[in-house]
file data-v1.cif (mmCIF, C-alpha atoms)
data_upload
loop_
_atom_site.label_atom_id
_atom_site.label_comp_id
_atom_site.auth_asym_id
_atom_site.auth_seq_id
_atom_site.Cartn_x
_atom_site.Cartn_y
_atom_site.Cartn_z
CA LYS A 1 95.14 257.46 -80.83
CA PRO A 2 93.69 260.09 -83.19
CA GLY A 3 93.94 263.60 -81.81
CA GLU A 4 96.81 262.77 -79.46
CA LEU A 5 99.79 265.11 -79.73
CA LEU A 6 103.12 263.48 -80.48
CA VAL A 7 106.66 264.80 -80.33
CA VAL A 8 108.52 263.35 -83.31
CA ARG A 9 112.06 263.43 -84.64
CA PRO A 10 111.83 263.94 -88.41
CA ASN A 11 113.61 261.26 -90.43
CA PRO A 12 116.89 262.42 -92.02
CA ALA A 13 115.38 263.31 -95.42
CA LEU A 14 112.52 265.28 -93.86
CA ALA A 15 114.86 266.95 -91.35
CA ALA A 16 117.08 268.12 -94.23
CA PHE A 17 114.08 269.44 -96.17
CA LEU A 18 112.70 271.31 -93.14
CA ASP A 19 116.11 272.79 -92.30
CA GLU A 20 117.01 273.81 -95.85
CA GLY A 21 113.59 275.41 -96.32
CA GLY A 22 113.92 277.40 -93.11
CA TRP A 23 110.91 275.74 -91.47
CA LEU A 24 112.65 273.89 -88.65
CA PRO A 25 116.35 273.59 -87.70
CA ARG A 26 117.87 270.11 -87.65
CA GLY A 27 117.58 268.45 -84.27
CA VAL A 28 114.37 270.26 -83.30
CA PRO A 29 111.39 267.90 -82.99
CA LEU A 30 107.93 268.44 -84.43
CA ILE A 31 104.78 268.38 -82.31
CA LYS A 32 101.76 267.29 -84.33
CA PRO A 33 98.41 265.61 -83.65
CA VAL A 34 97.70 262.07 -84.83
CA GLY A 35 95.23 261.87 -87.71
CA ALA A 36 95.30 258.11 -88.35
CA VAL A 37 96.70 255.01 -86.64
CA ALA A 38 97.65 251.42 -87.49
CA GLY A 39 94.91 249.62 -89.39
CA GLN A 40 93.50 252.75 -90.98
CA SER A 41 93.70 253.41 -94.71
CA VAL A 42 95.39 256.64 -95.79
CA CYS A 43 95.43 257.94 -99.37
CA ARG A 44 96.83 261.01 -101.01
CA LEU A 45 95.32 261.43 -104.44
CA GLY A 46 96.43 264.63 -106.11
CA ARG A 47 96.08 267.27 -103.41
CA ASP A 48 93.36 265.38 -101.50
CA LEU A 49 94.08 263.36 -98.36
CA PHE A 50 91.68 260.60 -97.35
CA ILE A 51 91.51 258.55 -94.15
CA ASP A 52 89.32 255.45 -94.39
CA GLY A 53 87.80 256.81 -97.59
CA ARG A 54 86.81 260.17 -96.08
CA LEU A 55 88.31 263.40 -97.41
CA VAL A 56 90.00 264.99 -94.38
CA ALA A 57 92.47 267.53 -95.79
CA ARG A 58 93.84 269.18 -98.88
CA ALA A 59 97.49 269.88 -99.55
CA LEU A 60 99.09 272.86 -101.23
CA ASP A 61 101.62 272.63 -104.05
CA VAL A 62 103.74 275.53 -102.74
CA ASP A 63 104.00 277.41 -99.46
CA GLY A 64 103.32 281.12 -98.96
CA GLN A 65 106.80 281.96 -100.24
CA GLY A 66 106.41 279.92 -103.43
CA ARG A 67 108.61 277.02 -102.28
CA THR A 68 107.60 273.62 -103.61
CA LEU A 69 106.18 271.37 -100.90
CA PRO A 70 106.84 267.62 -100.79
CA ALA A 71 104.13 265.28 -101.98
CA TRP A 72 103.46 261.59 -101.75
CA SER A 73 100.78 259.66 -103.59
CA GLY A 74 98.90 256.43 -103.34
CA CYS A 75 97.05 254.50 -100.69
CA GLN A 76 98.22 252.30 -97.86
CA VAL A 77 96.95 250.73 -94.68
CA LEU A 78 99.07 251.93 -91.76
CA GLY A 79 101.03 249.11 -90.20
CA PRO A 80 101.87 248.47 -86.55
CA GLY A 81 103.76 251.42 -85.11
CA GLU A 82 102.78 253.79 -87.94
CA VAL A 83 100.71 256.96 -87.63
CA LEU A 84 99.75 259.77 -89.95
CA LEU A 85 100.29 263.16 -88.34
CA LEU A 86 97.62 265.66 -89.36
CA ALA A 87 96.94 269.07 -87.86
CA PRO A 88 93.61 270.86 -88.37
CA ALA A 89 95.28 274.00 -89.76
CA PHE A 90 95.07 274.17 -93.56
CA GLY A 91 98.68 275.30 -93.93
CA SER A 92 100.20 272.82 -91.48
CA LEU A 93 103.33 271.02 -92.68
CA ASP A 94 102.35 267.50 -91.66
CA GLY A 95 101.54 264.02 -92.99
CA ARG A 96 99.60 265.42 -95.92
CA TYR A 97 103.07 266.31 -97.29
CA PHE A 98 105.46 263.75 -95.79
CA GLY A 99 103.24 260.69 -95.38
CA PRO A 100 103.21 258.23 -92.48
CA THR A 101 105.51 258.48 -89.47
CA SER A 102 107.11 255.36 -87.99
CA GLU A 103 107.26 254.42 -84.33
CA GLY A 104 111.04 254.97 -84.29
CA GLU A 105 110.54 258.68 -85.00
CA ILE A 106 108.17 259.18 -82.04
CA LEU A 107 109.94 260.64 -79.01
CA ALA A 108 107.04 261.26 -76.63
CA ARG A 109 103.44 262.23 -76.17
CA ALA A 110 102.77 265.92 -75.62
CA ARG A 111 100.13 267.52 -73.44
CA PRO A 112 98.90 271.01 -74.26
CA LEU A 113 99.14 273.58 -71.50
CA LEU A 114 96.64 275.92 -73.14
CA VAL A 115 94.05 275.13 -75.78
CA ALA A 116 92.25 277.91 -77.64
CA GLN A 117 88.54 277.42 -78.16
CA PRO A 118 86.80 278.43 -81.38
CA GLU A 119 84.84 281.71 -81.16
CA ALA A 120 81.53 279.84 -81.35
CA ALA A 121 82.37 277.86 -78.19
CA ARG A 122 82.99 280.95 -76.06
#
call {"tool": "encode", "arguments": {"input": "data-v1.cif", "output": "structure tokens"}}
result
Amino acid sequence: KPGELLVVRPNPALAAFLDEGGWLPRGVPLIKPVGAVAGQSVCRLGRDLFIDGRLVARALDVDGQGRTLPAWSGCQVLGPGEVLLLAPAFGSLDGRYFGPTSEGEILARARPLLVAQPEAAR
């Protein structure tokens, strides 16, 4: 469900990209929150990411070190067993760059041990 944290094994192409770019060694899973689930429409148009027609995130073309980030484009309705991983952090390397994640890549659900609250909530 949206907001749930998942532990995922990146597919081989993504794992190679993450490893070669120095973001994440091969064999190390990602932990990312779910942004969209089966039945929801996801679109990446240019740098804008939409879920069910609502702009939810923007992607960067390059990271802070000038390395080109992956991009996908188009619209699709997520099928059974598909999710779009999307973290709230602007610079997160997530589904805005690598698109939907399939059920076969999901290893487990994660539960946070500590969650920081925004300043306004304190």
call {"tool": "closest_residue", "arguments": {"input": "data-v1.cif", "among": "A:Leu18, A:Cys43, A:Leu30, A:Val8", "to": "A:Thr68", "atoms": "all atoms listed in the file"}}
result
A:Leu18
call {"tool": "closest_residue", "arguments": {"input": "data-v1.cif", "among": "A:Pro10, A:Pro2, A:Pro80, A:Gly27", "to": "A:Asp94", "atoms": "only C-alpha atoms"}}
result
A:Pro10
call {"tool": "resolve_selection", "arguments": {"input": "data-v1.cif", "expression": "the PyMOL selection byres ((chain A and resi 70-74) around 8)", "output": "VMD selection string"}}
result
chain A and resid 43 to 46 61 68 to 69 75 to 76 96 to 99
call {"tool": "closest_residue", "arguments": {"input": "data-v1.cif", "among": "A:Gly81, A:Leu114, A:Arg54, A:Thr101", "to": "A:Val7", "atoms": "only C-alpha atoms"}}
result
A:Thr101
call {"tool": "atom_distance", "arguments": {"input": "data-v1.cif", "atom1": "atom CA of A:Arg26", "atom2": "atom CA of A:Ala110"}}
result
19.8 Å
call {"tool": "atom_distance", "arguments": {"input": "data-v1.cif", "atom1": "atom CA of A:Asp63", "atom2": "atom CA of A:Ala116"}}
result
24.8 Å
call {"tool": "closest_residue", "arguments": {"input": "data-v1.cif", "among": "A:Leu113, A:Arg47, A:Gly21, A:Lys1", "to": "A:Gly66", "atoms": "all atoms listed in the file"}}
result
A:Gly21
call {"tool": "residues_around", "arguments": {"input": "data-v1.cif", "residues": "A:Gly35", "least_positions_apart": "4", "cutoff": "9 Å", "atoms": "all atoms listed in the file", "output": "mmCIF file with C-alpha atoms, keeping the file's coordinate frame"}}
result
data_model
loop_
_atom_site.group_PDB
_atom_site.id
_atom_site.type_symbol
_atom_site.label_atom_id
_atom_site.label_comp_id
_atom_site.auth_asym_id
_atom_site.auth_seq_id
_atom_site.Cartn_x
_atom_site.Cartn_y
_atom_site.Cartn_z
ATOM 1 C CA LYS A 1 95.140 257.460 -80.830
ATOM 2 C CA PRO A 2 93.690 260.090 -83.190
ATOM 3 C CA GLY A 3 93.940 263.600 -81.810
ATOM 4 C CA GLU A 4 96.810 262.770 -79.460
ATOM 5 C CA ILE A 51 91.510 258.550 -94.150
ATOM 6 C CA VAL A 83 100.710 256.960 -87.630
ATOM 7 C CA LEU A 84 99.750 259.770 -89.950
ATOM 8 C CA LEU A 85 100.290 263.160 -88.340
ATOM 9 C CA LEU A 86 97.620 265.660 -89.360
ATOM 10 C CA ALA A 87 96.940 269.070 -87.860
ATOM 11 C CA GLY A 95 101.540 264.020 -92.990
#
call {"tool": "closest_residue", "arguments": {"input": "data-v1.cif", "among": "A:Lys32, A:Ser41, A:Leu5, A:Gly64", "to": "A:Gly91", "atoms": "only C-alpha atoms"}}
result
A:Gly64
call {"tool": "resolve_selection", "arguments": {"input": "data-v1.cif", "expression": "the PyMOL selection byres ((chain A and resi 82) around 10)", "output": "JSON, numbers by chain"}}
result
{"A": [36, 37, 38, 39, 40, 77, 78, 79, 80, 81, 83, 84, 85, 100, 101, 102, 103, 104, 105, 106]}
call {"tool": "atom_distance", "arguments": {"input": "data-v1.cif", "atom1": "atom CA of A:Pro33", "atom2": "atom CA of A:Leu49"}}
result
15.5 Å
call {"tool": "axis_aligned_box", "arguments": {"input": "data-v1.cif", "around": "stretch 75-81 of chain A", "padding_each_side": "4 Å", "output": "lines of an AutoDock Vina configuration file"}}
result
center_x = 100.4
center_y = 251.5
center_z = -92.9
size_x = 14.8
size_y = 14.0
size_z = 23.6
call {"tool": "decode", "arguments": {"input": "data-v1.cif", "residues": "chain A", "atoms": "C-alpha atoms", "output": "PDB file, in the first residue's frame"}}
result
ATOM      1  CA  LYS A   1       0.000   0.000   0.000  1.00  0.00           C
ATOM      2  CA  PRO A   2       1.218   3.573  -0.556  1.00  0.00           C
ATOM      3  CA  GLY A   3       3.668   4.719   2.091  1.00  0.00           C
ATOM      4  CA  GLU A   4       4.699   1.186   3.049  1.00  0.00           C
ATOM      5  CA  LEU A   5       8.457   0.601   3.083  1.00  0.00           C
ATOM      6  CA  LEU A   6       9.709  -2.228   0.895  1.00  0.00           C
ATOM      7  CA  VAL A   7      13.062  -3.969   0.711  1.00  0.00           C
ATOM      8  CA  VAL A   8      13.769  -4.632  -2.961  1.00  0.00           C
ATOM      9  CA  ARG A   9      16.474  -6.357  -4.963  1.00  0.00           C
ATOM     10  CA  PRO A  10      17.251  -4.133  -7.957  1.00  0.00           C
ATOM     11  CA  ASN A  11      16.887  -5.881 -11.312  1.00  0.00           C
ATOM     12  CA  PRO A  12      20.217  -6.713 -13.014  1.00  0.00           C
ATOM     13  CA  ALA A  13      20.321  -3.577 -15.198  1.00  0.00           C
ATOM     14  CA  LEU A  14      19.510  -1.273 -12.282  1.00  0.00           C
ATOM     15  CA  ALA A  15      21.925  -3.112  -9.971  1.00  0.00           C
ATOM     16  CA  ALA A  16      24.719  -2.609 -12.521  1.00  0.00           C
ATOM     17  CA  PHE A  17      23.882   1.092 -12.883  1.00  0.00           C
ATOM     18  CA  LEU A  18      23.798   1.644  -9.108  1.00  0.00           C
ATOM     19  CA  ASP A  19      27.061  -0.242  -8.593  1.00  0.00           C
ATOM     20  CA  GLU A  20      28.948   1.393 -11.461  1.00  0.00           C
ATOM     21  CA  GLY A  21      27.793   4.842 -10.322  1.00  0.00           C
ATOM     22  CA  GLY A  22      28.939   4.205  -6.768  1.00  0.00           C
ATOM     23  CA  TRP A  23      25.439   4.551  -5.303  1.00  0.00           C
ATOM     24  CA  LEU A  24      24.902   0.991  -4.089  1.00  0.00           C
ATOM     25  CA  PRO A  25      27.095  -2.137  -4.321  1.00  0.00           C
ATOM     26  CA  ARG A  26      25.665  -5.144  -6.152  1.00  0.00           C
ATOM     27  CA  GLY A  27      23.778  -7.476  -3.864  1.00  0.00           C
ATOM     28  CA  VAL A  28      22.696  -4.744  -1.440  1.00  0.00           C
ATOM     29  CA  PRO A  29      18.921  -4.182  -1.440  1.00  0.00           C
ATOM     30  CA  LEU A  30      17.144  -0.844  -1.597  1.00  0.00           C
ATOM     31  CA  ILE A  31      14.606   0.261   1.007  1.00  0.00           C
ATOM     32  CA  LYS A  32      12.058   2.660  -0.464  1.00  0.00           C
ATOM     33  CA  PRO A  33       8.457   3.674   0.237  1.00  0.00           C
ATOM     34  CA  VAL A  34       5.644   2.733  -2.126  1.00  0.00           C
ATOM     35  CA  GLY A  35       4.237   5.662  -4.094  1.00  0.00           C
ATOM     36  CA  ALA A  36       1.720   3.814  -6.288  1.00  0.00           C
ATOM     37  CA  VAL A  37       0.227   0.320  -6.488  1.00  0.00           C
ATOM     38  CA  ALA A  38      -1.533  -1.934  -9.005  1.00  0.00           C
ATOM     39  CA  GLY A  39      -4.405  -0.182 -10.740  1.00  0.00           C
ATOM     40  CA  GLN A  40      -2.922   3.285 -10.425  1.00  0.00           C
ATOM     41  CA  SER A  41      -1.743   5.290 -13.421  1.00  0.00           C
ATOM     42  CA  VAL A  42       1.881   6.457 -13.396  1.00  0.00           C
ATOM     43  CA  CYS A  43       3.369   8.847 -15.950  1.00  0.00           C
ATOM     44  CA  ARG A  44       6.759  10.393 -16.402  1.00  0.00           C
ATOM     45  CA  LEU A  45       6.539  13.281 -18.823  1.00  0.00           C
ATOM     46  CA  GLY A  46       9.827  15.112 -19.162  1.00  0.00           C
ATOM     47  CA  ARG A  47      11.047  15.546 -15.596  1.00  0.00           C
ATOM     48  CA  ASP A  48       7.541  15.435 -14.074  1.00  0.00           C
ATOM     49  CA  LEU A  49       6.126  12.324 -12.403  1.00  0.00           C
ATOM     50  CA  PHE A  50       2.358  11.936 -12.111  1.00  0.00           C
ATOM     51  CA  ILE A  51       0.302   9.393 -10.180  1.00  0.00           C
ATOM     52  CA  ASP A  52      -3.366   9.250 -11.170  1.00  0.00           C
ATOM     53  CA  GLY A  53      -2.958  12.564 -12.982  1.00  0.00           C
ATOM     54  CA  ARG A  54      -1.499  14.403  -9.978  1.00  0.00           C
ATOM     55  CA  LEU A  55       2.027  15.819 -10.116  1.00  0.00           C
ATOM     56  CA  VAL A  56       3.859  14.128  -7.232  1.00  0.00           C
ATOM     57  CA  ALA A  57       7.574  14.534  -7.975  1.00  0.00           C
ATOM     58  CA  ARG A  58      10.158  15.996 -10.284  1.00  0.00           C
ATOM     59  CA  ALA A  59      13.270  14.220 -11.481  1.00  0.00           C
ATOM     60  CA  LEU A  60      16.746  15.596 -12.050  1.00  0.00           C
ATOM     61  CA  ASP A  61      18.757  15.083 -15.237  1.00  0.00           C
ATOM     62  CA  VAL A  62      22.065  14.648 -13.382  1.00  0.00           C
ATOM     63  CA  ASP A  63      23.081  13.965  -9.794  1.00  0.00           C
ATOM     64  CA  GLY A  64      25.159  16.264  -7.590  1.00  0.00           C
ATOM     65  CA  GLN A  65      28.349  14.980  -9.212  1.00  0.00           C
ATOM     66  CA  GLY A  66      27.125  15.613 -12.756  1.00  0.00           C
ATOM     67  CA  ARG A  67      26.411  11.952 -13.559  1.00  0.00           C
ATOM     68  CA  THR A  68      23.507  11.367 -15.924  1.00  0.00           C
ATOM     69  CA  LEU A  69      20.526   9.783 -14.187  1.00  0.00           C
ATOM     70  CA  PRO A  70      18.308   7.182 -15.868  1.00  0.00           C
ATOM     71  CA  ALA A  71      14.960   8.280 -17.229  1.00  0.00           C
ATOM     72  CA  TRP A  72      11.850   6.562 -18.451  1.00  0.00           C
ATOM     73  CA  SER A  73       8.923   8.180 -20.207  1.00  0.00           C
ATOM     74  CA  GLY A  74       5.299   7.535 -20.911  1.00  0.00           C
ATOM     75  CA  CYS A  75       2.248   6.449 -18.981  1.00  0.00           C
ATOM     76  CA  GLN A  76       1.068   3.081 -17.763  1.00  0.00           C
ATOM     77  CA  VAL A  77      -1.402   1.560 -15.359  1.00  0.00           C
ATOM     78  CA  LEU A  78       0.467  -0.592 -12.849  1.00  0.00           C
ATOM     79  CA  GLY A  79      -0.422  -4.240 -13.198  1.00  0.00           C
ATOM     80  CA  PRO A  80      -0.856  -6.897 -10.520  1.00  0.00           C
ATOM     81  CA  GLY A  81       2.319  -7.208  -8.470  1.00  0.00           C
ATOM     82  CA  GLU A  82       3.755  -3.885  -9.661  1.00  0.00           C
ATOM     83  CA  VAL A  83       4.522  -0.849  -7.514  1.00  0.00           C
ATOM     84  CA  LEU A  84       6.209   2.477  -8.067  1.00  0.00           C
ATOM     85  CA  LEU A  85       8.728   3.246  -5.350  1.00  0.00           C
ATOM     86  CA  LEU A  86       8.823   6.943  -4.491  1.00  0.00           C
ATOM     87  CA  ALA A  87      10.532   8.605  -1.552  1.00  0.00           C
ATOM     88  CA  PRO A  88       9.587  12.109  -0.388  1.00  0.00           C
ATOM     89  CA  ALA A  89      13.173  13.396  -0.666  1.00  0.00           C
ATOM     90  CA  PHE A  90      13.729  15.435  -3.835  1.00  0.00           C
ATOM     91  CA  GLY A  91      17.071  13.783  -4.577  1.00  0.00           C
ATOM     92  CA  SER A  92      15.994  10.201  -3.898  1.00  0.00           C
ATOM     93  CA  LEU A  93      17.056   7.640  -6.493  1.00  0.00           C
ATOM     94  CA  ASP A  94      13.727   5.847  -6.879  1.00  0.00           C
ATOM     95  CA  GLY A  95      10.915   5.080  -9.321  1.00  0.00           C
ATOM     96  CA  ARG A  96      11.015   8.573 -10.778  1.00  0.00           C
ATOM     97  CA  TYR A  97      14.247   7.357 -12.448  1.00  0.00           C
ATOM     98  CA  PHE A  98      13.853   3.594 -12.849  1.00  0.00           C
ATOM     99  CA  GLY A  99      10.091   3.193 -13.261  1.00  0.00           C
ATOM    100  CA  PRO A 100       7.883   0.460 -11.795  1.00  0.00           C
ATOM    101  CA  THR A 101       9.193  -2.390  -9.649  1.00  0.00           C
ATOM    102  CA  SER A 102       7.857  -5.919 -10.106  1.00  0.00           C
ATOM    103  CA  GLU A 103       6.738  -8.289  -7.374  1.00  0.00           C
ATOM    104  CA  GLY A 104       9.725 -10.567  -8.048  1.00  0.00           C
ATOM    105  CA  GLU A 105      12.110  -7.814  -6.942  1.00  0.00           C
ATOM    106  CA  ILE A 106      10.379  -7.326  -3.568  1.00  0.00           C
ATOM    107  CA  LEU A 107      12.177  -9.147  -0.759  1.00  0.00           C
ATOM    108  CA  ALA A 108      10.256  -7.954   2.300  1.00  0.00           C
ATOM    109  CA  ARG A 109       8.382  -5.182   4.021  1.00  0.00           C
ATOM    110  CA  ALA A 110      10.455  -2.925   6.251  1.00  0.00           C
ATOM    111  CA  ARG A 111       9.439  -1.262   9.489  1.00  0.00           C
ATOM    112  CA  PRO A 112      11.185   1.918  10.590  1.00  0.00           C
ATOM    113  CA  LEU A 113      12.750   1.882  14.031  1.00  0.00           C
ATOM    114  CA  LEU A 114      12.930   5.672  14.242  1.00  0.00           C
ATOM    115  CA  VAL A 115      10.988   8.236  12.257  1.00  0.00           C
ATOM    116  CA  ALA A 116      12.000  11.898  12.290  1.00  0.00           C
ATOM    117  CA  GLN A 117       9.177  14.396  12.550  1.00  0.00           C
ATOM    118  CA  PRO A 118       9.182  17.670  10.631  1.00  0.00           C
ATOM    119  CA  GLU A 119      10.125  20.733  12.719  1.00  0.00           C
ATOM    120  CA  ALA A 120       6.541  22.027  12.582  1.00  0.00           C
ATOM    121  CA  ALA A 121       5.238  18.855  14.260  1.00  0.00           C
ATOM    122  CA  ARG A 122       7.526  19.141  17.283  1.00  0.00           C
TER     123      ARG A 122
END
